[in-house]
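**Q** For reference, the file my_file12.cif (mmCIF, C-alpha atoms) is included below:
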data_work
#
loop_
_atom_site.label_atom_id
_atom_site.label_comp_id
_atom_site.auth_asym_id
_atom_site.auth_seq_id
_atom_site.Cartn_x
_atom_site.Cartn_y
_atom_site.Cartn_z
CA MET Y 280 0.00 0.00 0.00
CA LYS Y 281 1.22 3.52 -0.82
CA VAL Y 282 0.45 5.99 1.97
CA VAL Y 283 1.03 9.75 2.29
CA ILE Y 284 1.07 11.08 5.85
CA MET Y 285 0.83 14.81 6.46
CA GLY Y 286 2.40 15.88 9.76
CA CYS Y 287 5.40 14.16 11.32
CA GLY Y 288 4.52 14.71 14.96
CA ARG Y 289 4.37 11.88 17.46
CA VAL Y 290 1.35 10.27 15.84
CA GLY Y 291 2.48 10.79 12.27
CA ALA Y 292 5.98 9.47 12.95
CA GLN Y 293 4.70 6.45 14.85
CA LEU Y 294 2.23 5.57 12.11
CA ALA Y 295 4.91 6.05 9.45
CA ALA Y 296 7.31 3.77 11.33
CA TRP Y 297 4.72 1.03 11.76
CA LEU Y 298 3.55 1.08 8.16
CA ASP Y 299 7.13 1.14 6.96
CA SER Y 300 8.08 -1.94 8.96
CA ASP Y 301 4.96 -3.64 7.56
CA GLY Y 302 6.47 -3.09 4.13
CA ASP Y 303 4.14 -0.31 3.01
CA GLN Y 304 5.44 2.52 0.87
CA VAL Y 305 5.30 5.63 3.08
CA THR Y 306 5.87 9.33 2.40
CA VAL Y 307 5.75 11.70 5.39
CA LEU Y 308 5.25 15.42 4.89
CA ASP Y 309 6.10 18.15 7.36
CA ILE Y 310 6.83 21.86 7.08
CA ASN Y 311 9.71 21.50 9.50
CA THR Y 312 12.71 19.22 8.91
CA TYR Y 313 13.30 19.04 12.65
CA SER Y 314 10.13 16.94 12.96
CA PHE Y 315 11.75 14.12 11.01
CA ARG Y 316 14.02 13.37 14.02
CA ARG Y 317 11.07 11.36 15.31
CA LEU Y 318 11.40 8.83 12.48
CA PRO Y 319 13.37 5.70 13.37
CA PRO Y 320 16.92 5.42 11.98
CA ASP Y 321 15.97 2.42 9.84
CA PHE Y 322 13.00 4.20 8.22
CA ASN Y 323 12.87 3.25 4.54
CA GLY Y 324 10.15 5.66 3.45
CA THR Y 325 10.43 9.21 2.14
CA ALA Y 326 10.49 12.28 4.39
CA LEU Y 327 9.51 15.37 2.41
CA VAL Y 328 9.62 19.00 3.57
CA GLY Y 329 6.64 21.00 2.40
CA ASN Y 330 3.14 22.24 3.04
CA GLY Y 331 0.51 19.57 2.45
CA LEU Y 332 -2.01 22.24 1.46
CA ASP Y 333 0.00 22.89 -1.67
CA GLU Y 334 -1.04 20.76 -4.65
CA GLU Y 335 2.49 20.75 -6.05
CA VAL Y 336 3.90 19.43 -2.80
CA LEU Y 337 1.23 16.74 -2.66
CA LYS Y 338 2.08 15.71 -6.22
CA LYS Y 339 5.73 15.49 -5.28
CA ALA Y 340 4.72 13.29 -2.37
CA GLY Y 341 3.13 10.96 -4.90
CA ILE Y 342 -0.49 11.61 -3.98
CA GLU Y 343 -1.64 10.76 -7.51
CA GLN Y 344 -0.59 7.13 -6.99
CA ALA Y 345 -1.40 6.94 -3.28
CA ASP Y 346 -3.85 4.39 -1.90
CA ALA Y 347 -4.33 6.35 1.29
CA PHE Y 348 -3.83 9.84 2.73
CA VAL Y 349 -3.70 10.64 6.45
CA ALA Y 350 -3.67 14.18 7.90
CA VAL Y 351 -2.33 14.43 11.45
CA THR Y 352 -0.96 17.97 11.85
CA GLN Y 353 -1.77 20.04 14.93
CA GLY Y 354 -4.32 22.15 13.06
CA ASP Y 355 -7.84 20.79 12.62
CA ASN Y 356 -8.55 23.14 9.75
CA ARG Y 357 -5.31 22.33 8.02
CA ASN Y 358 -6.11 18.62 8.27
CA VAL Y 359 -9.61 19.19 6.97
CA MET Y 360 -8.46 21.22 3.99
CA ALA Y 361 -5.68 18.78 3.07
CA CYS Y 362 -8.07 15.82 3.27
CA GLN Y 363 -10.60 17.54 1.06
CA ILE Y 364 -7.89 18.25 -1.51
CA ALA Y 365 -6.81 14.59 -1.36
CA GLN Y 366 -10.36 13.34 -1.65
CA HIS Y 367 -11.95 15.73 -4.13
CA ILE Y 368 -9.03 16.83 -6.28
CA PHE Y 369 -6.74 13.79 -6.29
CA ASN Y 370 -9.43 11.15 -5.71
CA VAL Y 371 -7.32 9.22 -3.20
CA PRO Y 372 -9.31 6.04 -2.38
CA ARG Y 373 -8.89 6.24 1.40
CA VAL Y 374 -8.56 9.53 3.27
CA ILE Y 375 -8.43 9.79 7.06
CA CYS Y 376 -8.45 13.05 8.98
CA ARG Y 377 -7.66 13.87 12.59
CA ILE Y 378 -9.98 16.54 13.98
CA TYR Y 379 -9.58 17.38 17.68
CA ASP Y 380 -12.85 19.35 17.87
CA PRO Y 381 -15.63 16.74 18.23
CA LEU Y 382 -18.31 18.97 16.73
CA ARG Y 383 -16.20 19.75 13.71
CA ARG Y 384 -15.47 16.03 13.37
CA ASP Y 385 -19.20 15.26 13.32
CA LEU Y 386 -19.87 17.85 10.65
CA TYR Y 387 -17.09 16.66 8.35
CA SER Y 388 -18.14 13.04 8.85
CA THR Y 389 -21.55 13.94 7.48
CA LEU Y 390 -19.78 15.65 4.58
CA GLY Y 391 -18.11 12.37 3.71
CA ILE Y 392 -14.68 12.76 5.30
CA GLU Y 393 -13.52 9.85 7.42
CA ALA Y 394 -12.55 11.75 10.55
CA ILE Y 395 -11.36 10.71 13.99
CA SER Y 396 -11.51 12.89 17.09
CA PRO Y 397 -8.82 11.83 19.57
CA THR Y 398 -10.52 14.07 22.12
CA THR Y 399 -13.67 11.97 22.27
CA ILE Y 400 -11.83 8.69 22.07
CA PHE Y 401 -9.38 9.52 24.84
CA ALA Y 402 -12.05 10.96 27.13
CA GLN Y 403 -14.01 7.78 26.58
CA ILE Y 404 -11.03 5.59 27.52
CA LEU Y 405 -10.46 7.65 30.66
CA LYS Y 406 -14.09 7.35 31.63
CA GLU Y 407 -14.09 3.60 31.14
CA LYS Y 408 -10.93 3.28 33.22
CA LEU Y 409 -12.43 5.33 36.03
CA LYS Y 410 -15.67 3.38 36.04
CA SER Y 411 -14.14 -0.08 35.87
CA MET X 687 -28.93 41.92 5.79
CA TYR X 688 -27.34 40.11 8.70
CA ILE X 689 -23.69 39.52 7.84
CA ILE X 690 -21.14 37.66 9.97
CA VAL X 691 -17.50 38.58 9.51
CA VAL X 692 -14.92 36.04 10.74
CA GLY X 693 -11.62 37.72 11.55
CA GLY X 694 -11.26 41.24 12.94
CA GLY X 695 -7.87 42.08 11.41
CA ARG X 696 -7.35 44.92 8.99
CA VAL X 697 -9.55 43.45 6.27
CA GLY X 698 -12.31 42.51 8.71
CA TYR X 699 -12.16 45.90 10.39
CA TYR X 700 -12.51 48.02 7.26
CA LEU X 701 -15.02 45.65 5.73
CA THR X 702 -17.18 45.95 8.82
CA LYS X 703 -16.97 49.73 8.76
CA ALA X 704 -18.07 49.82 5.13
CA LEU X 705 -20.91 47.36 5.66
CA LEU X 706 -22.15 49.22 8.74
CA ASP X 707 -22.23 52.43 6.71
CA GLU X 708 -24.46 50.68 4.21
CA GLY X 709 -26.86 49.92 7.04
CA HIS X 710 -26.32 46.18 7.45
CA GLU X 711 -26.38 44.29 10.71
CA ILE X 712 -22.82 43.09 11.28
CA LEU X 713 -21.17 40.81 13.76
CA ILE X 714 -17.43 40.12 13.93
CA ILE X 715 -15.97 36.94 15.39
CA GLU X 716 -12.38 37.48 16.52
CA LYS X 717 -10.07 35.20 18.51
CA GLU X 718 -7.80 37.83 20.06
CA ALA X 719 -9.19 39.69 23.07
CA PRO X 720 -7.30 43.00 22.52
CA ILE X 721 -8.49 43.26 18.91
CA CYS X 722 -12.02 42.52 20.04
CA GLU X 723 -11.87 45.18 22.75
CA ASN X 724 -10.65 47.81 20.30
CA ILE X 725 -13.47 47.09 17.89
CA VAL X 726 -16.09 47.21 20.65
CA ALA X 727 -14.65 50.47 22.01
CA GLU X 728 -14.86 52.06 18.59
CA MET X 729 -17.94 50.59 16.96
CA GLY X 730 -20.05 49.28 19.84
CA SER X 731 -20.80 45.73 20.85
CA ILE X 732 -20.54 44.13 17.44
CA CYS X 733 -17.60 41.84 18.18
CA VAL X 734 -17.76 38.45 19.86
CA ARG X 735 -14.55 36.84 21.03
CA GLY X 736 -14.29 33.29 19.82
CA ASP X 737 -13.30 30.85 17.11
CA GLY X 738 -15.32 31.31 13.95
CA CYS X 739 -14.75 27.65 13.08
CA GLU X 740 -16.41 26.40 16.24
CA THR X 741 -20.04 25.43 16.09
CA ALA X 742 -20.64 26.77 19.61
CA THR X 743 -19.45 30.26 18.67
CA LEU X 744 -21.42 30.27 15.45
CA THR X 745 -24.56 29.15 17.31
CA GLU X 746 -24.07 31.88 19.91
CA VAL X 747 -24.00 34.62 17.29
CA GLY X 748 -27.12 33.33 15.56
CA THR X 749 -25.53 32.08 12.37
CA GLY X 750 -28.78 30.29 11.53
CA ARG X 751 -30.40 33.59 10.58
CA ALA X 752 -27.38 35.07 8.83
CA ASP X 753 -27.74 36.03 5.17
CA MET X 754 -24.04 35.90 4.56
CA LEU X 755 -20.77 34.89 6.18
CA VAL X 756 -17.49 36.44 5.12
CA ALA X 757 -14.28 34.78 6.35
CA VAL X 758 -11.30 37.14 6.18
CA THR X 759 -8.75 35.74 8.60
CA GLY X 760 -5.13 35.50 7.48
CA ASP X 761 -5.26 31.70 7.15
CA ASP X 762 -6.80 30.12 4.10
CA GLU X 763 -7.69 26.87 5.86
CA ASP X 764 -9.52 28.72 8.62
CA ASN X 765 -11.51 30.70 6.07
CA LEU X 766 -12.41 27.52 4.24
CA VAL X 767 -13.63 25.73 7.35
CA ALA X 768 -15.58 28.74 8.67
CA CYS X 769 -17.42 28.98 5.34
CA GLN X 770 -18.08 25.25 5.12
CA ILE X 771 -19.48 25.06 8.65
CA ALA X 772 -21.67 28.11 7.99
CA LYS X 773 -22.92 26.57 4.78
CA HIS X 774 -23.46 22.96 5.80
CA LYS X 775 -24.37 23.27 9.46
CA PHE X 776 -26.23 26.58 9.48
CA ASN X 777 -27.41 26.79 5.87
CA VAL X 778 -26.07 30.29 5.36
CA PRO X 779 -27.10 31.16 1.78
CA ARG X 780 -23.90 32.94 0.79
CA THR X 781 -20.33 32.41 1.93
CA ILE X 782 -17.31 34.43 0.90
CA ALA X 783 -13.75 33.43 1.68
CA ARG X 784 -10.60 35.48 1.51
CA VAL X 785 -7.81 33.52 -0.13
CA ARG X 786 -4.18 34.45 0.37
CA ASN X 787 -2.59 31.79 -1.79
CA PRO X 788 -3.99 32.36 -5.31
CA LYS X 789 -3.70 28.62 -5.97
CA ASN X 790 -6.43 28.01 -3.43
CA GLU X 791 -9.10 29.91 -5.36
CA ALA X 792 -9.84 26.95 -7.61
CA ILE X 793 -9.74 24.49 -4.72
CA PHE X 794 -12.19 26.54 -2.65
CA LYS X 795 -14.56 26.72 -5.60
CA LYS X 796 -14.48 22.94 -5.95
CA LEU X 797 -15.15 22.57 -2.24
CA GLY X 798 -18.35 24.60 -2.43
CA ILE X 799 -17.40 28.12 -1.35
CA ASP X 800 -19.65 30.59 -3.21
CA VAL X 801 -17.16 33.40 -3.71
CA THR X 802 -13.43 33.67 -3.18
CA VAL X 803 -11.44 36.87 -3.10
CA SER X 804 -7.71 36.58 -3.57
CA SER X 805 -6.03 39.60 -2.04
CA THR X 806 -2.72 38.57 -3.59
CA ASN X 807 -4.18 38.46 -7.09
CA ILE X 808 -5.92 41.80 -6.68
CA ILE X 809 -2.72 43.50 -5.56
CA LEU X 810 -0.78 41.87 -8.41
CA GLU X 811 -3.28 43.04 -11.01
CA HIS X 812 -3.23 46.60 -9.75
CA ILE X 813 0.53 46.70 -9.81
CA GLU X 814 0.61 45.14 -13.29
CA GLU X 815 -1.66 47.90 -14.57
CA GLU X 816 0.84 50.47 -13.40
CA VAL X 817 3.78 48.86 -15.16
CA PRO X 818 3.99 50.83 -18.43
CA THR X 819 5.56 48.02 -20.47
CA HIS X 820 2.89 45.57 -19.49
CA THR X 821 0.68 45.27 -22.54
CA LEU X 822 -2.12 43.09 -21.22
CA THR X 823 -4.22 44.04 -18.23
CA HIS X 824 -7.02 42.06 -16.65
CA LEU X 825 -10.08 44.19 -16.19
CA PHE X 826 -12.75 41.75 -15.14
CA THR X 827 -13.37 38.02 -14.77
CA ILE X 828 -16.65 36.40 -15.75
CA ARG X 829 -16.31 33.45 -13.43
CA ASP X 830 -19.30 31.34 -14.48
CA LYS X 831 -18.29 31.42 -18.14
CA GLY X 832 -14.55 31.03 -17.63
CA LEU X 833 -13.93 34.25 -19.54
CA GLU X 834 -12.09 37.44 -18.81
CA ILE X 835 -12.13 40.96 -20.14
CA VAL X 836 -8.67 42.30 -20.84
CA GLU X 837 -7.11 45.44 -22.17
CA VAL X 838 -4.25 45.23 -24.67
CA LYS X 839 -2.14 48.25 -25.52
CA ILE X 840 -0.47 48.42 -28.92
CA PRO X 841 3.05 49.74 -28.37
CA PRO X 842 4.69 51.79 -31.17
CA GLU X 843 7.12 48.99 -32.07
CA SER X 844 4.36 46.46 -32.78
CA THR X 845 4.62 44.76 -36.16
CA THR X 846 0.84 44.74 -36.47
CA ILE X 847 0.53 48.52 -36.82
CA GLY X 848 -1.07 49.43 -40.15
CA LYS X 849 -2.63 46.01 -40.58
CA PRO X 850 -6.39 45.38 -40.63
CA VAL X 851 -7.87 43.17 -37.91
CA LYS X 852 -8.75 40.42 -40.43
CA GLU X 853 -5.04 39.84 -41.10
CA LEU X 854 -4.27 39.13 -37.47
CA SER X 855 -4.20 35.52 -36.35
CA LEU X 856 -6.53 35.98 -33.42
CA PRO X 857 -7.36 32.93 -31.31
CA ALA X 858 -10.92 31.64 -31.83
CA GLU X 859 -11.74 32.04 -28.15
CA SER X 860 -10.97 35.77 -28.17
CA LYS X 861 -13.18 38.56 -29.36
CA LEU X 862 -12.17 42.20 -29.81
CA SER X 863 -14.95 44.26 -28.28
CA LEU X 864 -13.88 47.86 -28.17
CA LEU X 865 -11.16 50.10 -29.54
CA LEU X 866 -10.06 53.23 -27.69
CA ARG X 867 -7.92 55.92 -29.35
CA LYS X 868 -6.54 59.18 -28.10
CA GLU X 869 -8.76 61.00 -30.55
CA GLY X 870 -12.30 60.10 -31.45
CA LYS X 871 -15.00 58.05 -29.81
CA PRO X 872 -14.57 54.42 -28.77
CA VAL X 873 -15.48 52.11 -31.66
CA VAL X 874 -16.20 48.44 -32.04
CA PRO X 875 -13.35 46.98 -34.12
CA THR X 876 -14.39 45.31 -37.38
CA ALA X 877 -12.44 43.09 -39.79
CA ASN X 878 -11.27 46.18 -41.68
CA THR X 879 -10.20 48.27 -38.71
CA ILE X 880 -6.53 49.23 -39.10
CA LEU X 881 -4.41 49.09 -35.97
CA GLN X 882 -2.52 52.22 -34.91
CA ALA X 883 0.21 52.79 -32.36
CA GLU X 884 -1.08 53.44 -28.84
CA ASP X 885 -4.45 51.83 -29.58
CA GLN X 886 -6.11 50.33 -26.57
CA ILE X 887 -8.19 47.26 -27.28
CA ILE X 888 -10.70 45.76 -24.91
CA ALA X 889 -11.21 42.08 -25.62
CA VAL X 890 -13.06 39.09 -24.20
CA THR X 891 -10.95 35.95 -23.98
CA THR X 892 -10.43 32.68 -22.16
CA PRO X 893 -7.47 32.71 -19.78
CA GLU X 894 -5.79 30.03 -21.93
CA SER X 895 -5.87 32.16 -25.08
CA GLU X 896 -4.63 35.28 -23.37
CA GLU X 897 -1.03 34.87 -24.50
CA ALA X 898 -2.06 34.05 -28.09
CA LEU X 899 -4.28 37.13 -28.17
CA ARG X 900 -1.49 39.36 -26.98
CA THR X 901 0.90 37.96 -29.55
CA ALA X 902 -1.67 38.31 -32.36
CA LEU X 903 -2.32 41.94 -31.51
CA ARG X 904 1.28 43.01 -31.05
CA GLY X 905 2.98 40.79 -33.60
CA GLY X 906 5.63 38.15 -32.88
#
Could you write out this structure as structure tokens?

**A**
Amino acid sequence: MKVVIMGCGRVGAQLAAWLDSDGDQVTVLDINTYSFRRLPPDFNGTALVGNGLDEEVLKKAGIEQADAFVAVTQGDNRNVMACQIAQHIFNVPRVICRIYDPLRRDLYSTLGIEAISPTTIFAQILKEKLKS
Amino acid sequence: MYIIVVGGGRVGYYLTKALLDEGHEILIIEKEAPICENIVAEMGSICVRGDGCETATLTEVGTGRADMLVAVTGDDEDNLVACQIAKHKFNVPRTIARVRNPKNEAIFKKLGIDVTVSSTNIILEHIEEEVPTHTLTHLFTIRDKGLEIVEVKIPPESTTIGKPVKELSLPAESKLSLLLRKEGKPVVPTANTILQAEDQIIAVTTPESEEALRTALRGG
């Protein structure tokens, strides 16, 4: 599987490392080279500096051949915009978006974006732990 | 009309002033407290502090009854999301987004934003007009039809001077609409109109044929 990941923070880097060791073809995008320190030394994928909201950068990252696109930057709106570009302009088959704001997540889910809110999920885990 | 403006920076501020003068009901949503306080001190309680991309804020300001939402923050992605939430969650009939990166205009259109305004493009066009050697100026874009109205100046060194319009290899998608000369009234150019130095020609064209039109009018 060919995957483009936007945002090389803790989550992005971890996901990239896992997919890479599974043998998937991974490209990670970040606007800051310093973020790539989080990638493991044996990472075989591509680390690309650039803004994932820029079509040219996405093309360079190989989005036209990608099977999946994941947006995990710190900005909800940035993730949303990048995912919509991936979905509606490049027709990437699988697009997954992180949206911290639960209400915004709900809205974009109804608009056809596969979105995950870590806020809701983590709060739920905490609640379950407390109640068990 | 009830208009919501997202972003109280310079664009939001002057836009609000202009819209208030026209007698509209305006509300600004601004994240930064000091900016909000300044606006309230000057224009009255028309500014709510909050995030224009958050449903809670938009509910609080009564977005459901808004006729229009204009997003003019400095970040394209924020403007996009504010407009999309207004449109899809609150059914605001008209959404306008400011776009800083001209590349995003087409993307925003595809993603359902009614109108985009690219500040960068507007500034570029105005500067282009002031550059004397620049022979083609954009006057107006007819967005729905994918056409634009441009002005082409015929500089004195053009090889087309003295030739009739029918001898020019004009692209099929372009149409000469008006000819302005220093002397005389504006005329509609015909096949037999002879080009003169310093002529100004107003033409309708597709953006793709723009370069071909310029070359045809000025000569190779």

**Q** Wanna dump the chain X-chain Y contacts at 7 Å for me, each residue with its shortest atom pair and the distance in Å to one decimal, counting all atoms listed in the file, ordered by chain and number, as CSV?

**A**
residue,atom,partner,partner_atom,distance
X:Thr741,CA,Y:Leu382,CA,6.7
X:Glu763,CA,Y:Asn356,CA,5.5
X:Asp764,CA,Y:Asn356,CA,5.8
X:Val767,CA,Y:Asn356,CA,6.2

**Q** With 12 Å as the threshold, what does the neighbourhood of (-17.8, 44.7, -37.7) contain in terms of residues, counting all atoms listed in the file? Coordinates are those of the file; answer as an MDAnalysis selection string.

**A** chainID X and resid 850:852 861:865 873:879

**Q** Show me, as a list in words, the residues that have an atom within 8 Å of Thr702 (chain X) when counting all atoms listed in the file, minus same-chain residues fewer than 2 positions from it.

**A**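 Those residues are Val691, Gly698, Tyr699, Tyr700, Ala704, Leu705, Leu706, Ile712 and Ile714 of chain X.
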
**Q** Which polymer residues have any atom within 9 Å of an atom of Pro319 (chain Y), counting only C-alpha atoms, with same-chain residues fewer than 2 positions away left out, as a list in words?

**A** Ala292, Gln293, Ala296, Phe315, Arg316, Arg317, Asp321 and Phe322 of chain Y

**Q** Which residues, written as a compact mmCIF listing (two decimals) with C-alpha atoms, in the frame of the given file, have at least one atom at most 7 Å from Ile835 (chain X), with all atoms listed in the file counted and residues fewer than 3 positions away on the same chain left out?

**A**
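For reference, selection.txt as written:
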# COMPACT_ATOMS: atom_id res chain seq x y z
CA HIS X 824 -7.02 42.06 -16.65
CA LEU X 825 -10.08 44.19 -16.19
CA PHE X 826 -12.75 41.75 -15.14
CA THR X 827 -13.37 38.02 -14.77
CA ILE X 888 -10.70 45.76 -24.91
CA ALA X 889 -11.21 42.08 -25.62
CA VAL X 890 -13.06 39.09 -24.20
CA THR X 891 -10.95 35.95 -23.98

**Q** For a test of reading the model, state the distance in Å between CA of Glu853 (chain X) and CA of Glu869 (chain X), rounded to one decimal.

**A**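 Calculated distance between CA of Glu853 (chain X) and CA of Glu869 (chain X) is 23.9 Å.
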
**Q** How many Å separate CA of Ser895 (chain X) from CA of Ala783 (chain X)?

**A** 27.9 Å

**Q** Would you kindly identify which residues have an atom no farther than 7 Å from (-1.4, 41.0, -22.2), using all atoms listed in the file and the file's own coordinates, and write them out as a PyMOL selection string?

**A** chain X and resi 820-823+838+896-897+900

**Q** For Ala345 (chain Y), list every protein, DNA or RNA residue within 9 Å, evaluated using all atoms listed in the file, and leave out those in the same chain fewer than 6 positions away; present the list as a PDB file with C-alpha atoms, keeping the file's coordinate frame.

**A**
ATOM      1  CA  MET Y 280       0.000   0.000   0.000  1.00  0.00           C
ATOM      2  CA  LYS Y 281       1.220   3.520  -0.820  1.00  0.00           C
ATOM      3  CA  VAL Y 282       0.450   5.990   1.970  1.00  0.00           C
ATOM      4  CA  VAL Y 283       1.030   9.750   2.290  1.00  0.00           C
ATOM      5  CA  VAL Y 371      -7.320   9.220  -3.200  1.00  0.00           C
ATOM      6  CA  PRO Y 372      -9.310   6.040  -2.380  1.00  0.00           C
ATOM      7  CA  ARG Y 373      -8.890   6.240   1.400  1.00  0.00           C
TER       8      ARG Y 373
END

**Q** For this file, the PyMOL selection byres ((chain X and resi 867) around 10) selects which residues, as a VMD selection string?

**A** chain X and resid 865 to 866 868 to 873 882 to 887

**Q** How would region 349-368 of chain Y read, as a tab-separated table (two decimals), in the coordinates of the input, once N, CA and C atoms are built in?

**A**
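The new file out.tsv reads:
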chain	number	residue	atom	x	y	z
Y	349	VAL	N	-3.36	10.42	5.04
Y	349	VAL	CA	-3.70	10.64	6.45
Y	349	VAL	C	-3.21	12.03	6.84
Y	350	ALA	N	-4.09	12.85	7.46
Y	350	ALA	CA	-3.67	14.18	7.90
Y	350	ALA	C	-3.66	14.24	9.41
Y	351	VAL	N	-2.46	14.39	10.00
Y	351	VAL	CA	-2.33	14.43	11.45
Y	351	VAL	C	-1.44	15.60	11.90
Y	352	THR	N	-1.67	16.80	11.35
Y	352	THR	CA	-0.96	17.97	11.85
Y	352	THR	C	-1.71	18.47	13.08
Y	353	GLN	N	-1.14	19.49	13.73
Y	353	GLN	CA	-1.77	20.04	14.93
Y	353	GLN	C	-3.04	20.84	14.62
Y	354	GLY	N	-3.18	21.28	13.38
Y	354	GLY	CA	-4.32	22.15	13.06
Y	354	GLY	C	-5.50	21.39	12.47
Y	355	ASP	N	-6.62	21.46	13.14
Y	355	ASP	CA	-7.84	20.79	12.62
Y	355	ASP	C	-8.17	21.28	11.21
Y	356	ASN	N	-8.13	22.59	11.04
Y	356	ASN	CA	-8.55	23.14	9.75
Y	356	ASN	C	-7.58	22.77	8.63
Y	357	ARG	N	-6.30	22.73	8.99
Y	357	ARG	CA	-5.31	22.33	8.02
Y	357	ARG	C	-5.55	20.88	7.59
Y	358	ASN	N	-5.84	20.02	8.58
Y	358	ASN	CA	-6.11	18.62	8.27
Y	358	ASN	C	-7.34	18.48	7.37
Y	359	VAL	N	-8.36	19.25	7.73
Y	359	VAL	CA	-9.61	19.19	6.97
Y	359	VAL	C	-9.39	19.62	5.52
Y	360	MET	N	-8.67	20.71	5.35
Y	360	MET	CA	-8.46	21.22	3.99
Y	360	MET	C	-7.61	20.24	3.17
Y	361	ALA	N	-6.55	19.71	3.79
Y	361	ALA	CA	-5.68	18.78	3.07
Y	361	ALA	C	-6.46	17.53	2.66
Y	362	CYS	N	-7.30	17.03	3.57
Y	362	CYS	CA	-8.07	15.82	3.27
Y	362	CYS	C	-9.07	16.06	2.15
Y	363	GLN	N	-9.66	17.25	2.13
Y	363	GLN	CA	-10.60	17.54	1.06
Y	363	GLN	C	-9.88	17.64	-0.30
Y	364	ILE	N	-8.67	18.19	-0.27
Y	364	ILE	CA	-7.89	18.25	-1.51
Y	364	ILE	C	-7.58	16.81	-1.97
Y	365	ALA	N	-7.15	15.98	-1.02
Y	365	ALA	CA	-6.81	14.59	-1.36
Y	365	ALA	C	-8.02	13.85	-1.92
Y	366	GLN	N	-9.16	14.08	-1.28
Y	366	GLN	CA	-10.36	13.34	-1.65
Y	366	GLN	C	-11.00	13.85	-2.95
Y	367	HIS	N	-11.17	15.17	-3.03
Y	367	HIS	CA	-11.95	15.73	-4.13
Y	367	HIS	C	-11.12	16.13	-5.34
Y	368	ILE	N	-9.83	16.40	-5.14
Y	368	ILE	CA	-9.03	16.83	-6.28
Y	368	ILE	C	-8.16	15.67	-6.79
